[in-house]
file query-v2.pdb (PDB, C-alpha atoms and all ligand atoms)
MODEL        1
ATOM      1  CA  MET V   1      -4.068   2.921 -11.124  1.00  0.00           C
ATOM      2  CA  ILE V   2      -2.275   5.970 -12.540  1.00  0.00           C
ATOM      3  CA  LEU V   3       1.449   6.488 -11.972  1.00  0.00           C
ATOM      4  CA  THR V   4       2.969   9.855 -12.827  1.00  0.00           C
ATOM      5  CA  CYS V   5       6.351   9.710 -14.557  1.00  0.00           C
ATOM      6  CA  PRO V   6       8.947  11.484 -12.381  1.00  0.00           C
ATOM      7  CA  SER V   7      10.830  12.608 -15.498  1.00  0.00           C
ATOM      8  CA  CYS V   8       8.273  13.878 -18.030  1.00  0.00           C
ATOM      9  CA  GLY V   9       5.114  14.004 -15.922  1.00  0.00           C
ATOM     10  CA  LYS V  10       3.146  11.737 -18.253  1.00  0.00           C
ATOM     11  CA  LYS V  11       0.461   9.760 -16.484  1.00  0.00           C
ATOM     12  CA  ASN V  12       0.939   6.054 -17.067  1.00  0.00           C
ATOM     13  CA  ARG V  13      -1.813   3.566 -16.418  1.00  0.00           C
ATOM     14  CA  SER V  14      -0.725   0.460 -14.500  1.00  0.00           C
ATOM     15  CA  PRO V  15      -2.869  -2.609 -13.838  1.00  0.00           C
ATOM     16  CA  ALA V  16      -3.017  -3.585 -10.167  1.00  0.00           C
ATOM     17  CA  GLY V  17      -0.962  -6.726 -10.750  1.00  0.00           C
ATOM     18  CA  ARG V  18       1.887  -4.632 -12.161  1.00  0.00           C
ATOM     19  CA  LEU V  19       1.994  -1.912  -9.504  1.00  0.00           C
ATOM     20  CA  THR V  20       5.035  -3.386  -7.814  1.00  0.00           C
ATOM     21  CA  ASP V  21       6.939  -3.977 -11.057  1.00  0.00           C
ATOM     22  CA  SER V  22       9.380  -1.354 -12.230  1.00  0.00           C
ATOM     23  CA  GLY V  23       7.866  -0.593 -15.620  1.00  0.00           C
ATOM     24  CA  ARG V  24       8.968   2.165 -17.961  1.00  0.00           C
ATOM     25  CA  CYS V  25       7.202   5.365 -18.900  1.00  0.00           C
ATOM     26  CA  GLY V  26       5.335   5.009 -22.206  1.00  0.00           C
ATOM     27  CA  ALA V  27       6.565   8.404 -23.380  1.00  0.00           C
ATOM     28  CA  CYS V  28      10.182   8.828 -22.277  1.00  0.00           C
ATOM     29  CA  LYS V  29      11.082   5.279 -21.142  1.00  0.00           C
ATOM     30  CA  THR V  30      12.242   6.483 -17.734  1.00  0.00           C
ATOM     31  CA  GLU V  31      11.897   3.720 -15.189  1.00  0.00           C
ATOM     32  CA  ILE V  32       8.873   4.290 -12.982  1.00  0.00           C
ATOM     33  CA  SER V  33       9.654   3.164  -9.468  1.00  0.00           C
ATOM     34  CA  PRO V  34       7.425   0.709  -7.678  1.00  0.00           C
ATOM     35  CA  VAL V  35       4.767   2.435  -5.616  1.00  0.00           C
ATOM     36  CA  ALA V  36       6.448   3.456  -2.367  1.00  0.00           C
ATOM     37  CA  ARG V  37       3.693   5.605  -0.893  1.00  0.00           C
ATOM     38  CA  PRO V  38       0.271   4.813   0.495  1.00  0.00           C
ATOM     39  CA  ILE V  39      -2.421   4.903  -2.197  1.00  0.00           C
ATOM     40  CA  ASP V  40      -5.657   6.760  -1.436  1.00  0.00           C
ATOM     41  CA  ALA V  41      -8.253   4.188  -2.414  1.00  0.00           C
ATOM     42  CA  ASP V  42     -11.867   4.570  -3.454  1.00  0.00           C
ATOM     43  CA  PRO V  43     -14.170   1.536  -3.691  1.00  0.00           C
ATOM     44  CA  GLU V  44     -13.238   0.962  -7.338  1.00  0.00           C
ATOM     45  CA  SER V  45      -9.461   1.110  -6.912  1.00  0.00           C
ATOM     46  CA  PHE V  46      -9.790  -0.819  -3.657  1.00  0.00           C
ATOM     47  CA  ARG V  47     -11.446  -3.699  -5.523  1.00  0.00           C
ATOM     48  CA  GLU V  48      -9.015  -3.479  -8.402  1.00  0.00           C
ATOM     49  CA  ILE V  49      -5.908  -3.457  -6.225  1.00  0.00           C
ATOM     50  CA  THR V  50      -6.877  -5.950  -3.511  1.00  0.00           C
ATOM     51  CA  GLY V  51      -8.236  -8.336  -6.147  1.00  0.00           C
ATOM     52  CA  GLY V  52      -5.457  -7.943  -8.702  1.00  0.00           C
ATOM     53  CA  ALA V  53      -2.278  -7.363  -6.727  1.00  0.00           C
ATOM     54  CA  ASN V  54       0.157 -10.262  -6.601  1.00  0.00           C
ATOM     55  CA  VAL V  55       1.583  -9.034  -3.273  1.00  0.00           C
ATOM     56  CA  PRO V  56       0.024  -8.557   0.176  1.00  0.00           C
ATOM     57  CA  VAL V  57      -1.935  -5.335   0.644  1.00  0.00           C
ATOM     58  CA  LEU V  58      -2.104  -3.353   3.891  1.00  0.00           C
ATOM     59  CA  VAL V  59      -5.229  -1.229   4.301  1.00  0.00           C
ATOM     60  CA  ASP V  60      -5.294   1.724   6.716  1.00  0.00           C
ATOM     61  CA  PHE V  61      -8.839   2.717   7.658  1.00  0.00           C
ATOM     62  CA  TRP V  62      -8.655   6.306   8.903  1.00  0.00           C
ATOM     63  CA  ALA V  63     -10.498   9.626   9.105  1.00  0.00           C
ATOM     64  CA  ALA V  64      -9.373  13.249   9.186  1.00  0.00           C
ATOM     65  CA  TRP V  65     -10.807  13.908  12.661  1.00  0.00           C
ATOM     66  CA  CYS V  66      -9.038  10.902  14.216  1.00  0.00           C
ATOM     67  CA  GLY V  67      -5.990  11.917  16.276  1.00  0.00           C
ATOM     68  CA  PRO V  68      -4.506   8.416  16.591  1.00  0.00           C
ATOM     69  CA  CYS V  69      -4.835   8.087  12.805  1.00  0.00           C
ATOM     70  CA  ARG V  70      -2.542  11.101  12.419  1.00  0.00           C
ATOM     71  CA  THR V  71      -0.111   9.397  14.801  1.00  0.00           C
ATOM     72  CA  ALA V  72      -0.263   6.244  12.696  1.00  0.00           C
ATOM     73  CA  ALA V  73       0.091   8.005   9.318  1.00  0.00           C
ATOM     74  CA  PRO V  74       3.903   8.327   9.300  1.00  0.00           C
ATOM     75  CA  GLU V  75       4.191   4.681  10.381  1.00  0.00           C
ATOM     76  CA  VAL V  76       1.950   3.666   7.490  1.00  0.00           C
ATOM     77  CA  ALA V  77       4.008   5.797   5.083  1.00  0.00           C
ATOM     78  CA  ARG V  78       7.230   4.228   6.365  1.00  0.00           C
ATOM     79  CA  THR V  79       5.844   0.745   5.765  1.00  0.00           C
ATOM     80  CA  ALA V  80       4.891   1.703   2.198  1.00  0.00           C
ATOM     81  CA  ALA V  81       8.471   2.878   1.616  1.00  0.00           C
ATOM     82  CA  ASP V  82      10.115  -0.063   3.406  1.00  0.00           C
ATOM     83  CA  MET V  83       7.987  -2.599   1.551  1.00  0.00           C
ATOM     84  CA  ARG V  84       8.143  -0.973  -1.892  1.00  0.00           C
ATOM     85  CA  GLY V  85       8.005  -3.567  -4.637  1.00  0.00           C
ATOM     86  CA  ARG V  86       7.009  -6.243  -2.129  1.00  0.00           C
ATOM     87  CA  ALA V  87       3.641  -5.042  -0.827  1.00  0.00           C
ATOM     88  CA  LEU V  88       1.103  -2.273  -1.384  1.00  0.00           C
ATOM     89  CA  VAL V  89      -0.457   0.104   1.127  1.00  0.00           C
ATOM     90  CA  LEU V  90      -3.932   1.568   0.726  1.00  0.00           C
ATOM     91  CA  LYS V  91      -5.615   4.279   2.762  1.00  0.00           C
ATOM     92  CA  VAL V  92      -9.399   4.282   3.074  1.00  0.00           C
ATOM     93  CA  ASP V  93     -11.080   7.449   4.357  1.00  0.00           C
ATOM     94  CA  THR V  94     -13.900   5.977   6.441  1.00  0.00           C
ATOM     95  CA  ASP V  95     -15.883   9.243   6.267  1.00  0.00           C
ATOM     96  CA  LYS V  96     -15.886   9.154   2.469  1.00  0.00           C
ATOM     97  CA  TYR V  97     -16.321   5.395   2.110  1.00  0.00           C
ATOM     98  CA  PRO V  98     -18.187   4.050   5.148  1.00  0.00           C
ATOM     99  CA  GLU V  99     -19.366   1.077   3.087  1.00  0.00           C
ATOM    100  CA  LEU V 100     -15.788  -0.166   2.803  1.00  0.00           C
ATOM    101  CA  ALA V 101     -15.295   0.244   6.546  1.00  0.00           C
ATOM    102  CA  SER V 102     -18.480  -1.635   7.384  1.00  0.00           C
ATOM    103  CA  GLN V 103     -17.541  -4.370   4.911  1.00  0.00           C
ATOM    104  CA  PHE V 104     -14.528  -4.992   7.165  1.00  0.00           C
ATOM    105  CA  GLY V 105     -16.438  -4.542  10.420  1.00  0.00           C
ATOM    106  CA  VAL V 106     -14.396  -1.472  11.323  1.00  0.00           C
ATOM    107  CA  GLN V 107     -15.721   0.054  14.540  1.00  0.00           C
ATOM    108  CA  GLY V 108     -12.780   2.066  15.865  1.00  0.00           C
ATOM    109  CA  ILE V 109     -10.001   3.658  13.869  1.00  0.00           C
ATOM    110  CA  PRO V 110      -7.224   3.464  12.996  1.00  0.00           C
ATOM    111  CA  ASN V 111      -7.899  -0.069  11.881  1.00  0.00           C
ATOM    112  CA  PHE V 112      -5.543  -2.115   9.752  1.00  0.00           C
ATOM    113  CA  ALA V 113      -6.360  -5.002   7.452  1.00  0.00           C
ATOM    114  CA  VAL V 114      -3.947  -7.181   5.505  1.00  0.00           C
ATOM    115  CA  LEU V 115      -5.257  -8.865   2.371  1.00  0.00           C
ATOM    116  CA  LYS V 116      -3.636 -11.457   0.139  1.00  0.00           C
ATOM    117  CA  ASN V 117      -5.265 -12.443  -3.154  1.00  0.00           C
ATOM    118  CA  GLY V 118      -8.356 -10.530  -2.094  1.00  0.00           C
ATOM    119  CA  ALA V 119      -8.758 -12.472   1.171  1.00  0.00           C
ATOM    120  CA  LEU V 120      -8.435 -10.990   4.640  1.00  0.00           C
ATOM    121  CA  VAL V 121      -5.486 -12.556   6.482  1.00  0.00           C
ATOM    122  CA  HIS V 122      -5.031 -10.153   9.406  1.00  0.00           C
ATOM    123  CA  GLN V 123      -6.922  -7.293  10.988  1.00  0.00           C
ATOM    124  CA  GLN V 124      -6.112  -5.171  14.021  1.00  0.00           C
ATOM    125  CA  ALA V 125      -7.257  -1.865  15.486  1.00  0.00           C
ATOM    126  CA  GLY V 126      -5.043   0.760  17.090  1.00  0.00           C
ATOM    127  CA  VAL V 127      -1.752   2.507  16.363  1.00  0.00           C
ATOM    128  CA  VAL V 128       1.204   0.186  15.775  1.00  0.00           C
ATOM    129  CA  PRO V 129       4.801   0.886  14.703  1.00  0.00           C
ATOM    130  CA  SER V 130       5.722   0.374  11.069  1.00  0.00           C
ATOM    131  CA  ALA V 131       7.977  -2.567  11.996  1.00  0.00           C
ATOM    132  CA  ARG V 132       4.866  -4.416  13.154  1.00  0.00           C
ATOM    133  CA  MET V 133       3.019  -3.633   9.921  1.00  0.00           C
ATOM    134  CA  ASN V 134       6.035  -4.848   7.932  1.00  0.00           C
ATOM    135  CA  GLN V 135       5.896  -8.065   9.931  1.00  0.00           C
ATOM    136  CA  TRP V 136       2.214  -8.576   9.093  1.00  0.00           C
ATOM    137  CA  LEU V 137       3.032  -8.192   5.405  1.00  0.00           C
ATOM    138  CA  MET V 138       5.965 -10.622   5.627  1.00  0.00           C
ATOM    139  CA  THR V 139       3.729 -13.139   7.391  1.00  0.00           C
ATOM    140  CA  ALA V 140       1.197 -12.665   4.596  1.00  0.00           C
ATOM    141  CA  GLY V 141       3.835 -13.656   2.049  1.00  0.00           C
ATOM    142  CA  ALA V 142       5.714 -10.496   1.077  1.00  0.00           C
ATOM    143  CA  ARG V 143       9.015 -11.366  -0.536  1.00  0.00           C
ATOM    144  CA  PRO V 144      12.102 -10.920   1.647  1.00  0.00           C
ATOM    145  CA  GLU V 145      14.121  -7.793   0.964  1.00  0.00           C
ATOM    146  CA  ASN V 146      16.662  -8.217  -1.833  1.00  0.00           C
ATOM    147  CA  GLY V 147      20.076  -8.724  -0.312  1.00  0.00           C
ATOM    148  CA  LYS V 148      22.448  -5.889  -1.019  1.00  0.00           C
ATOM    149  CA  ARG V 149      24.747  -7.436  -3.558  1.00  0.00           C
ATOM    150  CA  GLU V 150      28.443  -6.773  -3.339  1.00  0.00           C
ATOM    151  CA  THR V 151      29.483  -6.876  -6.954  1.00  0.00           C
ATOM    152  CA  GLY V 152      32.910  -5.312  -6.543  1.00  0.00           C
ATOM    153  CA  ASN V 153      34.577  -3.109  -9.118  1.00  0.00           C
ATOM    154  CA  ASP V 154      35.263  -4.212 -12.613  1.00  0.00           C
TER     155      ASP V 154
HETATM  156 ZN    ZN H   1       8.159   9.863 -18.809  1.00  0.00          ZN
ENDMDL
END
call {"tool": "encode", "arguments": {"input": "query-v2.pdb", "output": "structure tokens"}}
result
Amino acid sequence: MILTCPSCGKKNRSPAGRLTDSGRCGACKTEISPVARPIDADPESFREITGGANVPVLVDFWAAWCGPCRTAAPEVARTAADMRGRALVLKVDTDKYPELASQFGVQGIPNFAVLKNGALVHQQAGVVPSARMNQWLMTAGARPENGKRETGND
């Protein structure tokens, strides 16, 4: 998985298990934020991420012609942002990669799958709000949100 440094633009390679860590850019040492956007997956990155991630992974099976998928897209994006550092979100274009869709028995889209350690723990078709997707990921073992610490002034 390639992460682009927001400061210098260098492309940094990150193993799937480190995608939710806040590593530093190899060139300029700027902190690279945990992935907070859905990742467009191909079969190779799908295998790498679902097999190697140490957090739950939400997969959005979609296609460009699918109206409800467009309705779901901002919900999916919100979940990726809400769950940054605690879960990962993949998007699979079922027109490009029908073999991935059939591997998960996807008949209608949008269709959502939640995987933990490479194993399917939840799957559901149809548009749902991001709060529901967040809940699936929490149920699958996503860490609770870090409490906002009041450190006071010093
Ligand atoms: Zn950099």
call {"tool": "resolve_selection", "arguments": {"input": "query-v2.pdb", "expression": "the PyMOL selection byres (((not hetatm)) within 6 of (chain H and resi 1))", "output": "PyMOL selection string"}}
result
chain V and resi 5+7-10+25+27-30
call {"tool": "residues_near_point", "arguments": {"input": "query-v2.pdb", "point": "(6.7, -4.3, -12.3)", "cutoff": "9 Å", "atoms": "only C-alpha atoms", "output": "PyMOL selection string"}}
result
chain V and resi 17-24+32-34+85
call {"tool": "resolve_selection", "arguments": {"input": "query-v2.pdb", "expression": "the PyMOL selection byres (((chain V and resi 60-62) around 8) and not hetatm)", "output": "list in words"}}
result
Leu58, Val59, Ala63, Ala64, Cys66, Cys69, Val76, Val89, Leu90, Lys91, Val92, Asp93, Thr94, Ala101, Val106, Ile109, Pro110, Asn111, Phe112 and Ala113 of chain V
call {"tool": "closest_residue", "arguments": {"input": "query-v2.pdb", "among": "V:Ile39, V:Met83, V:Met1, V:Ala53", "to": "Ser14 of chain V", "atoms": "only C-alpha atoms"}}
result
V:Met1
call {"tool": "closest_residue", "arguments": {"input": "query-v2.pdb", "among": "V:Arg37, V:Arg132, V:Arg70, V:His122", "to": "Leu88 of chain V", "atoms": "all atoms listed in the file"}}
result
V:Arg37
call {"tool": "atom_distance", "arguments": {"input": "query-v2.pdb", "atom1": "atom CA of Val57 of chain V", "atom2": "atom CA of Ala87 of chain V"}}
result
5.8 Å
call {"tool": "resolve_selection", "arguments": {"input": "query-v2.pdb", "expression": "the PyMOL selection byres (((chain V and resi 116) around 7) and not hetatm)", "output": "list of chain:residue names"}}
result
V:Val55, V:Pro56, V:Val57, V:Val114, V:Leu115, V:Asn117, V:Gly118, V:Ala119, V:Leu120, V:Val121, V:Ala140
call {"tool": "closest_residue", "arguments": {"input": "query-v2.pdb", "among": "V:Val128, V:Ala80, V:Leu100, V:Ile2", "to": "Ala16 of chain V", "atoms": "only C-alpha atoms"}}
result
V:Ile2
call {"tool": "closest_residue", "arguments": {"input": "query-v2.pdb", "among": "V:Pro15, V:Pro144, V:Pro6, V:Pro43", "to": "Glu31 of chain V", "atoms": "only C-alpha atoms"}}
result
V:Pro6
